[in-house]
Every structure is written in C-alpha cells, then in structure tokens.
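Containing compact mmCIF, C-alpha atoms: data.txt.
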# COMPACT_ATOMS: atom_id res chain seq x y z
CA MET A 1 -40.29 -30.10 -66.31
CA SER A 2 -37.41 -31.43 -64.30
CA PRO A 3 -35.02 -28.41 -64.75
CA LEU A 4 -37.85 -26.22 -63.47
CA LEU A 5 -38.29 -28.42 -60.41
CA ASP A 6 -34.52 -28.44 -59.91
CA GLY A 7 -34.49 -24.66 -59.99
CA LEU A 8 -37.33 -24.51 -57.47
CA ALA A 9 -35.55 -26.99 -55.25
CA MET A 10 -32.36 -24.93 -55.40
CA LEU A 11 -34.29 -21.79 -54.45
CA GLY A 12 -35.92 -23.63 -51.58
CA ARG A 13 -32.61 -24.99 -50.38
CA ALA A 14 -31.05 -21.53 -50.45
CA GLY A 15 -34.00 -20.05 -48.56
CA LEU A 16 -33.99 -22.77 -45.94
CA GLY A 17 -30.20 -22.46 -45.61
CA ALA A 18 -30.50 -18.72 -45.00
CA LEU A 19 -33.21 -19.26 -42.39
CA GLU A 20 -31.12 -21.94 -40.68
CA ARG A 21 -28.09 -19.63 -40.58
CA LEU A 22 -30.27 -16.87 -39.12
CA GLY A 23 -31.52 -19.27 -36.45
CA ARG A 24 -28.01 -20.50 -35.62
CA GLY A 25 -26.83 -16.91 -35.44
CA HIS A 26 -29.51 -16.00 -32.91
CA LEU A 27 -28.92 -19.13 -30.84
CA LEU A 28 -25.22 -18.28 -30.79
CA LEU A 29 -26.10 -14.74 -29.68
CA LEU A 30 -28.08 -16.18 -26.75
CA GLY A 31 -25.02 -18.29 -25.86
CA LEU A 32 -22.75 -15.24 -26.11
CA LEU A 33 -25.00 -13.20 -23.82
CA ALA A 34 -25.31 -16.10 -21.37
CA GLY A 35 -21.51 -16.28 -21.31
CA LEU A 36 -21.20 -12.70 -20.05
CA GLY A 37 -22.07 -13.78 -16.50
CA PRO A 38 -19.28 -16.40 -16.15
CA LEU A 39 -16.96 -13.90 -17.84
CA LEU A 40 -17.20 -11.65 -14.76
CA ARG A 41 -15.25 -14.24 -12.81
CA ARG A 42 -12.46 -14.21 -15.39
CA PRO A 43 -11.80 -10.59 -16.36
CA ARG A 44 -8.34 -11.56 -17.65
CA LEU A 45 -9.94 -13.19 -20.71
CA LEU A 46 -11.68 -9.91 -21.51
CA LEU A 47 -8.44 -8.02 -20.96
CA GLN A 48 -6.59 -10.12 -23.52
CA GLN A 49 -9.30 -9.59 -26.09
CA MET A 50 -9.55 -5.86 -25.40
CA HIS A 51 -5.86 -5.79 -26.22
CA SER A 52 -6.09 -7.64 -29.51
CA VAL A 53 -9.39 -6.04 -30.62
CA GLY A 54 -9.13 -2.54 -29.17
CA VAL A 55 -5.53 -1.57 -28.55
CA ARG A 56 -4.25 -2.95 -31.82
CA SER A 57 -6.97 -1.08 -33.77
CA MET A 58 -6.04 2.25 -32.22
CA LEU A 59 -3.35 3.22 -34.69
CA ILE A 60 -5.44 2.81 -37.84
CA ILE A 61 -8.40 4.54 -36.18
CA ALA A 62 -6.24 7.45 -35.03
CA VAL A 63 -4.54 7.96 -38.39
CA SER A 64 -7.83 7.69 -40.32
CA GLY A 65 -9.53 10.06 -37.90
CA VAL A 66 -6.91 12.77 -38.37
CA PHE A 67 -6.94 12.45 -42.15
CA VAL A 68 -10.74 12.36 -42.45
CA GLY A 69 -10.88 15.50 -40.28
CA MET A 70 -8.25 17.21 -42.41
CA VAL A 71 -10.12 16.39 -45.63
CA LEU A 72 -13.36 17.68 -44.08
CA GLY A 73 -11.53 20.87 -43.16
CA LEU A 74 -10.26 21.35 -46.72
CA GLN A 75 -13.50 20.47 -48.49
CA GLY A 76 -15.65 22.34 -46.00
CA HIS A 77 -13.52 25.46 -46.29
CA TYR A 78 -13.63 25.29 -50.10
CA ILE A 79 -17.45 25.13 -50.17
CA LEU A 80 -18.19 27.40 -47.19
CA SER A 81 -15.82 30.16 -48.31
CA ARG A 82 -17.92 30.56 -51.47
CA PHE A 83 -20.80 31.67 -49.26
CA GLY A 84 -18.60 33.63 -46.89
CA ALA A 85 -19.47 31.17 -44.14
CA GLU A 86 -16.02 29.90 -43.10
CA ALA A 87 -17.08 30.66 -39.54
CA THR A 88 -19.28 27.55 -39.53
CA LEU A 89 -16.40 25.26 -40.54
CA GLY A 90 -16.09 23.92 -37.00
CA VAL A 91 -19.80 23.07 -36.87
CA MET A 92 -19.63 21.27 -40.19
CA VAL A 93 -16.56 19.24 -39.26
CA ALA A 94 -17.80 18.34 -35.77
CA ALA A 95 -21.39 17.56 -36.74
CA SER A 96 -20.46 15.31 -39.66
CA LEU A 97 -17.85 13.49 -37.55
CA VAL A 98 -19.85 13.05 -34.37
CA ARG A 99 -23.13 12.14 -36.05
CA GLU A 100 -22.06 10.04 -39.02
CA LEU A 101 -18.44 9.60 -39.99
CA GLY A 102 -17.14 8.76 -36.52
CA PRO A 103 -19.42 5.79 -35.84
CA VAL A 104 -19.69 4.58 -39.46
CA VAL A 105 -16.07 4.81 -40.63
CA THR A 106 -14.86 3.38 -37.31
CA ALA A 107 -17.25 0.45 -37.72
CA LEU A 108 -16.09 -0.18 -41.30
CA LEU A 109 -12.42 -0.03 -40.29
CA PHE A 110 -13.18 -2.18 -37.25
CA ALA A 111 -14.82 -4.83 -39.44
CA GLY A 112 -11.79 -4.86 -41.72
CA ARG A 113 -9.14 -4.72 -39.02
CA ALA A 114 -10.58 -6.59 -36.03
CA GLY A 115 -13.68 -8.41 -37.34
CA SER A 116 -11.79 -10.30 -40.05
CA ALA A 117 -9.08 -11.25 -37.56
CA LEU A 118 -11.71 -12.57 -35.12
CA THR A 119 -13.36 -14.65 -37.85
CA ALA A 120 -10.06 -16.08 -39.09
CA GLU A 121 -8.92 -16.91 -35.55
CA ILE A 122 -12.15 -18.64 -34.55
CA GLY A 123 -12.49 -20.35 -37.94
CA LEU A 124 -8.97 -21.74 -37.68
CA MET A 125 -9.65 -22.89 -34.12
CA LYS A 126 -12.64 -24.76 -35.52
CA ALA A 127 -10.69 -26.17 -38.50
CA THR A 128 -7.90 -27.44 -36.25
CA GLU A 129 -10.49 -28.88 -33.85
CA GLN A 130 -9.37 -26.76 -30.92
CA LEU A 131 -12.99 -25.89 -30.16
CA SER A 132 -13.93 -29.58 -30.14
CA GLY A 133 -10.91 -30.20 -27.91
CA LEU A 134 -12.24 -27.68 -25.41
CA GLU A 135 -15.62 -29.39 -25.45
CA MET A 136 -13.90 -32.73 -24.84
CA MET A 137 -12.41 -31.21 -21.69
CA ALA A 138 -15.89 -30.09 -20.62
CA VAL A 139 -15.03 -26.42 -21.26
CA ASN A 140 -17.77 -24.55 -23.06
CA PRO A 141 -16.01 -22.90 -26.04
CA VAL A 142 -18.79 -20.31 -26.36
CA TYR A 143 -18.18 -19.12 -22.80
CA ARG A 144 -14.40 -19.54 -22.84
CA VAL A 145 -13.51 -18.33 -26.36
CA LEU A 146 -16.40 -16.45 -27.95
CA SER A 147 -18.04 -14.36 -25.20
CA PRO A 148 -14.86 -12.47 -24.22
CA ARG A 149 -14.25 -11.59 -27.87
CA PHE A 150 -17.83 -10.42 -28.29
CA LEU A 151 -17.79 -8.19 -25.21
CA ALA A 152 -14.36 -6.80 -26.14
CA GLY A 153 -15.64 -5.78 -29.57
CA PHE A 154 -18.83 -4.29 -28.15
CA LEU A 155 -16.92 -2.19 -25.60
CA SER A 156 -14.07 -1.16 -27.88
CA MET A 157 -16.22 0.31 -30.65
CA PRO A 158 -17.60 3.39 -28.83
CA LEU A 159 -14.14 4.15 -27.42
CA LEU A 160 -12.56 3.89 -30.86
CA ALA A 161 -15.35 5.99 -32.41
CA ALA A 162 -14.86 8.69 -29.78
CA MET A 163 -11.12 8.77 -30.54
CA PHE A 164 -11.85 8.96 -34.25
CA SER A 165 -14.23 11.91 -33.81
CA ALA A 166 -11.98 13.77 -31.39
CA LEU A 167 -8.91 13.41 -33.59
CA GLY A 168 -11.00 14.33 -36.64
CA VAL A 169 -12.12 17.56 -34.96
CA TRP A 170 -8.45 18.25 -34.25
CA GLY A 171 -7.53 17.47 -37.90
CA GLY A 172 -10.22 19.87 -39.13
CA TRP A 173 -8.90 22.49 -36.74
CA PHE A 174 -5.34 21.95 -37.97
CA VAL A 175 -6.31 22.51 -41.61
CA GLY A 176 -8.99 25.16 -41.07
CA VAL A 177 -7.31 27.28 -38.41
CA GLY A 178 -3.67 26.37 -38.91
CA LEU A 179 -3.39 26.37 -42.70
CA LEU A 180 -6.42 28.21 -44.12
CA GLY A 181 -6.73 31.02 -41.60
CA VAL A 182 -10.16 30.49 -40.03
CA ASP A 183 -10.33 32.30 -36.69
CA ASP A 184 -9.45 30.02 -33.79
CA GLY A 185 -12.14 31.33 -31.42
CA THR A 186 -14.83 31.20 -34.11
CA TYR A 187 -14.03 27.59 -34.93
CA TRP A 188 -14.59 26.44 -31.35
CA SER A 189 -17.37 28.82 -30.29
CA GLN A 190 -19.56 28.12 -33.32
CA MET A 191 -19.02 24.41 -32.72
CA GLN A 192 -19.95 24.68 -29.06
CA ALA A 193 -23.00 26.77 -29.88
CA LYS A 194 -24.41 24.35 -32.43
CA ILE A 195 -23.39 20.84 -31.27
CA ASP A 196 -25.75 19.48 -28.64
CA LEU A 197 -24.65 16.91 -26.08
CA ASP A 198 -27.80 14.74 -26.18
CA GLU A 199 -28.79 15.30 -29.76
CA ASP A 200 -25.39 14.81 -31.39
CA ILE A 201 -22.82 13.22 -29.12
CA VAL A 202 -24.98 10.77 -27.16
CA ASN A 203 -26.72 9.69 -30.37
CA GLY A 204 -23.31 9.10 -31.96
CA VAL A 205 -22.27 6.93 -29.01
CA ILE A 206 -25.53 4.96 -29.25
CA LYS A 207 -24.84 4.38 -32.93
CA SER A 208 -21.34 3.08 -32.26
CA LEU A 209 -22.64 0.76 -29.51
CA VAL A 210 -25.14 -0.73 -31.98
CA PHE A 211 -22.43 -1.10 -34.62
CA GLY A 212 -20.05 -2.69 -32.11
CA PHE A 213 -22.72 -5.21 -31.15
CA VAL A 214 -23.55 -6.09 -34.75
CA CYS A 215 -19.97 -6.21 -36.09
CA SER A 216 -18.71 -8.41 -33.25
CA TRP A 217 -21.72 -10.71 -33.55
CA ILE A 218 -21.26 -11.12 -37.31
CA ALA A 219 -17.50 -11.72 -37.01
CA ILE A 220 -17.86 -14.33 -34.28
CA PHE A 221 -20.78 -16.08 -35.92
CA GLN A 222 -19.00 -16.30 -39.29
CA GLY A 223 -15.95 -17.81 -37.62
CA TYR A 224 -17.95 -20.24 -35.50
CA ASP A 225 -20.21 -21.26 -38.40
CA CYS A 226 -17.56 -21.60 -41.13
CA VAL A 227 -16.83 -24.71 -43.14
CA PRO A 228 -13.75 -26.06 -41.30
CA THR A 229 -11.35 -25.98 -44.25
CA SER A 230 -8.86 -23.38 -45.49
CA GLU A 231 -11.30 -22.32 -48.17
CA GLY A 232 -14.15 -22.16 -45.66
CA VAL A 233 -12.15 -19.89 -43.35
CA SER A 234 -11.20 -17.63 -46.23
CA ARG A 235 -14.83 -17.36 -47.33
CA ALA A 236 -16.01 -16.69 -43.80
CA THR A 237 -13.50 -13.87 -43.45
CA THR A 238 -14.72 -12.28 -46.68
CA LYS A 239 -18.32 -12.66 -45.56
CA THR A 240 -17.55 -10.97 -42.24
CA VAL A 241 -16.26 -7.84 -43.94
CA VAL A 242 -19.05 -7.71 -46.54
CA HIS A 243 -21.90 -8.46 -44.15
CA SER A 244 -20.58 -6.08 -41.49
CA ALA A 245 -20.23 -3.24 -44.01
CA LEU A 246 -23.75 -3.80 -45.35
CA ALA A 247 -25.23 -4.12 -41.87
CA VAL A 248 -23.48 -0.96 -40.67
CA LEU A 249 -24.57 1.14 -43.64
CA GLY A 250 -28.13 -0.17 -43.55
CA LEU A 251 -28.49 0.25 -39.79
CA ASP A 252 -26.95 3.71 -40.00
CA PHE A 253 -29.79 4.82 -42.25
CA VAL A 254 -32.41 3.36 -39.90
CA LEU A 255 -30.77 4.85 -36.79
CA THR A 256 -30.34 8.25 -38.44
CA ALA A 257 -33.97 8.25 -39.51
CA LEU A 258 -35.05 7.37 -35.95
CA MET A 259 -32.73 9.87 -34.23
CA PHE A 260 -32.68 12.91 -36.47
CA GLY A 261 -35.68 12.52 -38.79
CA LYS A 262 -38.39 14.09 -36.63
CA MET B 263 5.63 -11.57 -32.80
CA LYS B 264 6.80 -10.35 -29.44
CA THR B 265 4.73 -11.70 -26.59
CA LEU B 266 3.59 -9.25 -24.00
CA SER B 267 3.82 -9.73 -20.28
CA ALA B 268 0.50 -9.73 -18.45
CA ARG B 269 1.36 -6.42 -16.83
CA GLY B 270 2.31 -4.81 -20.13
CA MET B 271 -1.03 -5.87 -21.57
CA GLU B 272 -2.90 -4.48 -18.57
CA ILE B 273 -1.14 -1.15 -19.00
CA LEU B 274 -1.91 -1.01 -22.72
CA VAL B 275 -5.59 -1.85 -22.24
CA GLY B 276 -5.78 0.69 -19.43
CA ALA B 277 -4.26 3.32 -21.72
CA PHE B 278 -6.75 2.38 -24.46
CA VAL B 279 -9.78 2.72 -22.19
CA ALA B 280 -8.43 5.95 -20.72
CA ALA B 281 -7.83 7.38 -24.21
CA GLY B 282 -11.39 6.48 -25.20
CA PHE B 283 -12.84 8.26 -22.19
CA VAL B 284 -10.59 11.28 -22.68
CA ALA B 285 -11.88 11.49 -26.27
CA LEU B 286 -15.50 11.26 -25.08
CA PHE B 287 -14.83 13.91 -22.44
CA PHE B 288 -13.22 16.14 -25.06
CA LEU B 289 -16.26 15.76 -27.31
CA ALA B 290 -18.65 16.51 -24.45
CA MET B 291 -16.80 19.52 -23.00
CA LYS B 292 -15.01 21.11 -25.92
CA VAL B 293 -17.17 20.26 -28.93
CA SER B 294 -20.68 20.33 -27.50
CA ASN B 295 -22.42 23.14 -25.65
CA LEU B 296 -22.09 21.42 -22.26
CA GLY B 297 -19.14 23.53 -21.17
CA ALA B 298 -20.57 26.81 -22.45
CA VAL B 299 -24.12 27.00 -21.13
CA THR B 300 -24.92 27.22 -17.46
CA VAL B 301 -28.04 25.12 -17.10
CA GLY B 302 -30.87 26.42 -14.98
CA ASP B 303 -28.69 29.04 -13.34
CA GLY B 304 -30.64 32.18 -14.06
CA TYR B 305 -33.97 33.90 -13.92
CA GLN B 306 -36.80 33.69 -16.42
CA VAL B 307 -38.64 36.55 -18.07
CA THR B 308 -41.30 36.49 -20.77
CA ALA B 309 -41.98 38.72 -23.72
CA ARG B 310 -44.92 38.86 -26.14
CA PHE B 311 -44.35 39.20 -29.85
CA ARG B 312 -46.82 39.50 -32.73
CA ASN B 313 -44.57 37.29 -34.80
CA VAL B 314 -41.43 35.41 -33.80
CA GLY B 315 -40.45 34.47 -37.35
CA GLY B 316 -37.96 31.61 -37.25
CA LEU B 317 -36.93 32.00 -33.60
CA LYS B 318 -36.10 28.66 -31.99
CA VAL B 319 -35.77 27.38 -28.45
CA ARG B 320 -32.09 27.68 -27.34
CA ALA B 321 -31.57 30.78 -29.50
CA PRO B 322 -29.30 33.31 -27.78
CA VAL B 323 -30.57 36.39 -25.93
CA SER B 324 -28.07 39.21 -26.13
CA MET B 325 -27.59 42.82 -25.24
CA GLY B 326 -25.02 44.92 -27.05
CA GLY B 327 -23.87 41.78 -28.85
CA VAL B 328 -22.98 39.97 -25.61
CA PRO B 329 -24.99 36.81 -24.95
CA LEU B 330 -26.83 37.08 -21.62
CA GLY B 331 -28.99 33.97 -21.81
CA LYS B 332 -31.11 31.85 -24.07
CA VAL B 333 -34.68 31.25 -25.17
CA VAL B 334 -36.14 28.35 -23.17
CA GLY B 335 -39.71 28.26 -24.46
CA ILE B 336 -42.00 29.60 -27.17
CA HIS B 337 -45.77 29.31 -26.68
CA PHE B 338 -48.86 30.65 -28.35
CA ASP B 339 -51.42 32.61 -26.34
CA GLU B 340 -54.89 31.76 -27.66
CA LYS B 341 -56.55 34.80 -26.05
CA THR B 342 -54.36 37.54 -27.44
CA PHE B 343 -52.98 35.58 -30.42
CA ASP B 344 -49.46 36.56 -29.42
CA ALA B 345 -46.37 34.40 -29.31
CA VAL B 346 -45.03 34.25 -25.76
CA VAL B 347 -41.26 33.78 -25.60
CA THR B 348 -39.75 32.66 -22.30
CA MET B 349 -36.10 33.62 -21.87
CA GLU B 350 -33.63 32.57 -19.25
CA ILE B 351 -31.09 35.23 -18.36
CA ASP B 352 -27.88 34.45 -16.53
CA ARG B 353 -28.06 35.39 -12.86
CA GLN B 354 -25.01 37.64 -12.99
CA TYR B 355 -26.96 40.05 -15.22
CA ASP B 356 -29.66 41.01 -12.71
CA GLN B 357 -29.46 44.79 -13.20
CA LEU B 358 -31.55 45.01 -16.39
CA PRO B 359 -34.20 47.78 -16.16
CA ASP B 360 -37.81 46.55 -16.28
CA ASP B 361 -38.58 48.70 -19.33
CA THR B 362 -35.99 46.85 -21.43
CA PHE B 363 -36.87 46.65 -25.11
CA ALA B 364 -36.77 43.24 -26.85
CA LYS B 365 -36.47 42.76 -30.59
CA ILE B 366 -35.96 39.71 -32.76
CA TYR B 367 -32.93 40.10 -35.00
CA THR B 368 -31.42 37.94 -37.70
CA ALA B 369 -27.69 37.24 -37.61
CA GLY B 370 -26.63 38.00 -41.17
CA LEU B 371 -28.91 37.62 -44.16
CA LEU B 372 -29.47 33.88 -43.80
CA GLY B 373 -28.36 33.44 -40.21
CA GLU B 374 -30.30 32.27 -37.21
CA GLN B 375 -32.63 34.54 -35.33
CA TYR B 376 -31.93 35.77 -31.83
CA VAL B 377 -33.46 38.09 -29.28
CA GLY B 378 -31.66 41.41 -28.86
CA LEU B 379 -32.33 43.48 -25.73
CA GLU B 380 -31.91 47.22 -25.42
CA PRO B 381 -31.88 48.88 -22.01
CA GLY B 382 -34.57 51.32 -20.92
CA GLY B 383 -34.26 54.01 -18.29
CA SER B 384 -36.26 52.57 -15.41
CA GLU B 385 -34.93 52.40 -11.87
CA LYS B 386 -36.50 49.01 -11.23
CA ASN B 387 -34.93 45.78 -12.41
CA LEU B 388 -36.34 42.75 -14.21
CA LYS B 389 -36.97 39.84 -11.86
CA GLN B 390 -37.83 36.14 -12.06
CA GLY B 391 -41.23 35.83 -13.80
CA GLY B 392 -41.14 39.42 -15.05
CA GLU B 393 -42.40 40.49 -18.43
CA ILE B 394 -40.74 42.62 -21.07
CA ARG B 395 -43.58 44.82 -22.37
CA MET B 396 -41.92 46.64 -25.22
CA THR B 397 -41.18 44.30 -28.07
CA GLN B 398 -40.74 44.37 -31.80
CA SER B 399 -41.53 41.40 -33.99
CA ALA B 400 -39.22 39.55 -36.28
CA LEU B 401 -38.64 40.96 -39.70
CA VAL B 402 -40.28 38.52 -42.11
CA LEU B 403 -38.50 38.77 -45.42
CA GLU B 404 -41.59 37.94 -47.48
CA GLU B 405 -43.54 40.82 -45.93
CA VAL B 406 -40.74 43.30 -46.57
CA VAL B 407 -40.37 42.19 -50.19
CA GLY B 408 -44.17 42.27 -50.56
CA GLN B 409 -44.39 45.83 -49.22
CA PHE B 410 -41.55 46.92 -51.47
CA ILE B 411 -43.24 45.51 -54.57
CA PHE B 412 -46.58 47.03 -53.53
CA SER B 413 -45.09 50.51 -53.06
CA LYS B 414 -43.24 50.28 -56.37
CA ALA B 415 -46.47 49.28 -58.10
CA GLN B 416 -48.26 52.29 -56.56
CA GLU B 417 -45.49 54.62 -57.72
CA GLY B 418 -45.81 53.15 -61.19
CA SER B 419 -49.59 53.67 -61.33
CA LYS B 420 -49.26 57.36 -60.24
CA GLN B 421 -46.92 58.24 -63.06
Please render this file's structure as structure tokens.
Amino acid sequence: MSPLLDGLAMLGRAGLGALERLGRGHLLLLGLLAGLGPLLRRPRLLLQQMHSVGVRSMLIIAVSGVFVGMVLGLQGHYILSRFGAEATLGVMVAASLVRELGPVVTALLFAGRAGSALTAEIGLMKATEQLSGLEMMAVNPVYRVLSPRFLAGFLSMPLLAAMFSALGVWGGWFVGVGLLGVDDGTYWSQMQAKIDLDEDIVNGVIKSLVFGFVCSWIAIFQGYDCVPTSEGVSRATTKTVVHSALAVLGLDFVLTALMFGK
Amino acid sequence: MKTLSARGMEILVGAFVAAGFVALFFLAMKVSNLGAVTVGDGYQVTARFRNVGGLKVRAPVSMGGVPLGKVVGIHFDEKTFDAVVTMEIDRQYDQLPDDTFAKIYTAGLLGEQYVGLEPGGSEKNLKQGGEIRMTQSALVLEEVVGQFIFSKAQEGSKQ
C-alpha cells in the first residue's frame, strides 16, 4: 500500500511544482512588464542588452539565412523543374521563408544563441548573490536587470527574422538565378505577384514578435528561477533551449492555423 | 574580450536596428506586391459571366498579355443567376472601347485564371462604373472532358 501512496505523493508533488513554476513565471512576467515604464528613463540599459542579444546574434542569423535560402533554391528548383514550373521558384522561396522558416528558424537560433546566454548570465548572478546584493541596496533586480533583457529580446527577434528572410530570398536568388538559370525577371515578378503584404509579411512579423516574447520570457524566467548552484545553472540553460524550441514549434502551429487556415 | 566604448556600442546597435528595418523594407517593397500594384488608382468596370470557374479576387486583367488592372470583386446576381466580376483598370488605360470583349483564360494547363480583354471597334470609351457586355465564361475542364466523352460515345453507337 505504501509504495502506491508514495507514487501518488510523487505525482502530486510534481503537479504542484509545475503549477507553482507556472505561477512564478506569470508573476515574473507581470514584474517584467511593470519594469518597462522605469526602463524608459534609462534607455542605456536597453542599449547594452540590444547589443548583447541582437547585434551579437546577427552573424549566425545572417549566415543561416543565406544558406537556408540557397538550399530552398536548390531543392525548389529540383522539384519544380520536374513540372516545368521553375518560374514559381521565387514564390516558393519567399513564401516559405516569410511565412514559416524566417520566424521559426530565427527563434530556434535565438533560443540557442541568446536565450541560453541570458539564462546562464542571470542564473550565475543569482548563484553569486549579485541579485540579492542589488536588493540589499534597494535596487529592484527585476527592473534593473531583467526588464531590459526582456525588452531587448522582444524587439530584436522581428528585426533578426526580417534579416533572415531577406538574406534567404537573396540566397534563393543566387542559386536559382545565378547558378541554375531561372530568369531574373520571372523570379522577382512571380514573387511580387503572389506574396501579399498583409497576408504573408505582416503575419510573419506578428509570429516573430510572439516568438520573441515567449523566448525571452522563458530564458529570463529559467535564469531567475534556477537552483543557485553550478548544476542548477547548467540545467536551467538546457531547459531554456528545450522549452523555447517546444514553445516555438507548438505556437507556430497554432498561429499558422489561426492566420492561414481559413 | 575587448570592451566596447559606449559610443561604439551605440553605433553597433544603431546599425543593427537599421539593418532590421532595411530588411523589412526590402521584404515589403521587393518581395511583396506593395511596390507593383497601384492601389485604388483606376476606374472600375463590371462584367457578367455565366461561370467564372476558379477566378479569384486580385487576379490580373490583361489585354494582349499586358496587365492593365486586377479583379477587385466577384458577386452573384440572384435575379439573373450570373456572376458579376468587378475589375479595376489602371487610369492610364482609359481609351478602351466600350464594346470590349472579356473572356476568362487559364494561364497554362494548371495555372491561375485571369480575365483577358479584347478590343472592340466602338468610338466610345469604357468609363468608371461601365459594364462590359460581351463576355465568355471560363472553360471548365470537367465540362470539356464530359462533352468529349459524350461525343465519342455517340460516334461509337452510330458505327
């Protein structure tokens, strides 16, 4: 009888723990949003974080964007040329980048490149009691440390996703027009005829805003909520990447169904 | 790691934000149809078809293969049971005769459908709110195949 009760107790503990984490996460989110007001008086904090979150992620985003576009160009040409429809290569490359790959791959790379760094930084601040030190000096660490990082992540994501898509379209053009001989004018004109500003591009930007919000929130919460030991920080960093990836892929399905599944 | 001066960081963040907006602008102007279509800068004419097939709003309207405008609305008239297609034609093409002939074509075998115009001989021109009276419906592949099979079957029964 007792192993059964133990098992039940373990299940209950896990469930309660998950609910508590969810509650702490949402309370932290309220704190982060409340910290955006005071942040206006100190734009330099945001600037520093935009640099470490946004500028330093640019290289990996740019290189991945070009290569993803080039692969789309190759694969698209291979399939479309079977049907004699190479003319629609530009549409295929641009639509898949702007609607899906741009926001999603950028968010996954962002979680790996910037999200894990945010978690490790905040977790280590907690482990070395820097956050408690701030509180001792009557400085709110949520306002001073976390909110700028959150806003920087939220703002950087759509910019990075736009760069990814734009460079991907260029990569597809380079392979399709430059190497495989698709007509230059056809590539662009078909793309312009079929890609809609509201339907495709604005929806892609909305997606990347949602992903930026979620990825930054997860990264900051995992760092702030970690067990303050080396092992705890390492686990929190892993969790950031895993949870962000799952959240992005799951939300992408929901958003796609809402936006394009009429 | 090299530490950056405050000014260096400002410049880098500025470049980052600018690059992001340039990319967005590129997507909006070069990739989407924003740069290509002149919005609301034209006159509207209607045409009645028995069957519009797979014609969609935003489909091109062309004459001699040159796009002159686009389809802005497709409605159904409950009195005559016709499909009423509203087209917007670019203002620079205001010399179309009012007995222009409109037909729904398909671009390629599986392509999208579009409205093709052919000029008539009238002296008067089409104006805002005008109607194209001579139309020909879309070719529905099922009907054509059905007619072909029917005629073949009749030939077979005669022999």
Show me, as a PyMOL selection string, every residue of chain B with an atom at most 6 Å from chain A, counting all atoms listed in the file.
chain B and resi 275+278+282+285-286+293-295
Atom CA of A:Leu80 sits from atom CA of A:Leu179 at a separation of 15.5 Å
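Atom pair atom CA of B:Arg312 / atom CA of B:Asp344: separated by 5.2 Å.
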Tell me, as a list of chain:residue names, which residues lie within 12 Å of A:Val242, counting all atoms listed in the file; anything in the same chain fewer than 3 positions away does not count.
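What passes the distance filter is A:Leu108, A:Leu109, A:Ala111, A:Gly112, A:Gly115, A:Ser116, A:Cys215, A:Ile218, A:Ala219, A:Gln222, A:Arg235, A:Ala236, A:Thr237, A:Thr238, A:Lys239, A:Ala245, A:Leu246, A:Ala247, A:Val248, A:Leu249.
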Counting all atoms listed in the file, what is within 9 Å of stretch 352-368 of chain B, bar same-chain residues fewer than 2 positions away, as a PyMOL selection string?
chain B and resi 300+302-306+309+311+314-315+317+330-332+350+370-389+392-401
Which residue out of A:Ile220, A:Leu251, A:Met70, A:Ala257 has the minimum interatomic distance to A:Gly123 when all atoms listed in the file are used?
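Using all atoms listed in the file, the shortest distance to A:Gly123 belongs to A:Ile220.
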I want to know what sits within 12 Å of A:Met125, based on only C-alpha atoms, with residues of the same chain fewer than 3 positions away left out; could you give that as a list of chain:residue names?
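Selected residues are A:Leu118, A:Thr119, A:Ala120, A:Glu121, A:Ile122, A:Thr128, A:Glu129, A:Gln130, A:Leu131, A:Ser132, A:Gly133, A:Leu134, A:Pro141, A:Val145, A:Leu146, A:Ile220, A:Gly223, A:Tyr224, A:Asp225, A:Cys226, A:Val227, A:Pro228, A:Thr229, A:Ser230, A:Val233.
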Hey, could you pull the box centre and edge lengths for stretch 402-412 of chain B, axis-aligned, 5 Å padding per side, all listed atoms, to one decimal in Å, as JSON?
{"center_x": -42.5, "center_y": 42.5, "center_z": -48.3, "size_x": 18.1, "size_y": 19.1, "size_z": 22.5}
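Pairwise distance (atom CA of A:Leu209, atom CA of A:Asp252) equals 11.7 Å.
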Go through A:Gly69, A:Pro3, A:Gly232, A:Gly212 and flag the residue nearest A:Gly153, using only C-alpha atoms for the distances.
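Of A:Gly69, A:Pro3, A:Gly232, A:Gly212, the one nearest A:Gly153, counting only C-alpha atoms, is A:Gly212.
Take the candidates B:Ala345, B:Ile351, B:Ala281, B:Ala290 and check each one against B:Ser324 using all atoms listed in the file; the shortest distance goes to B:Ile351.
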Show me, as a PyMOL selection string, the residues that have an atom within 12 Å of B:Glu405 when counting all atoms listed in the file, minus same-chain residues fewer than 6 positions from it.
chain B and resi 313+315+411-412
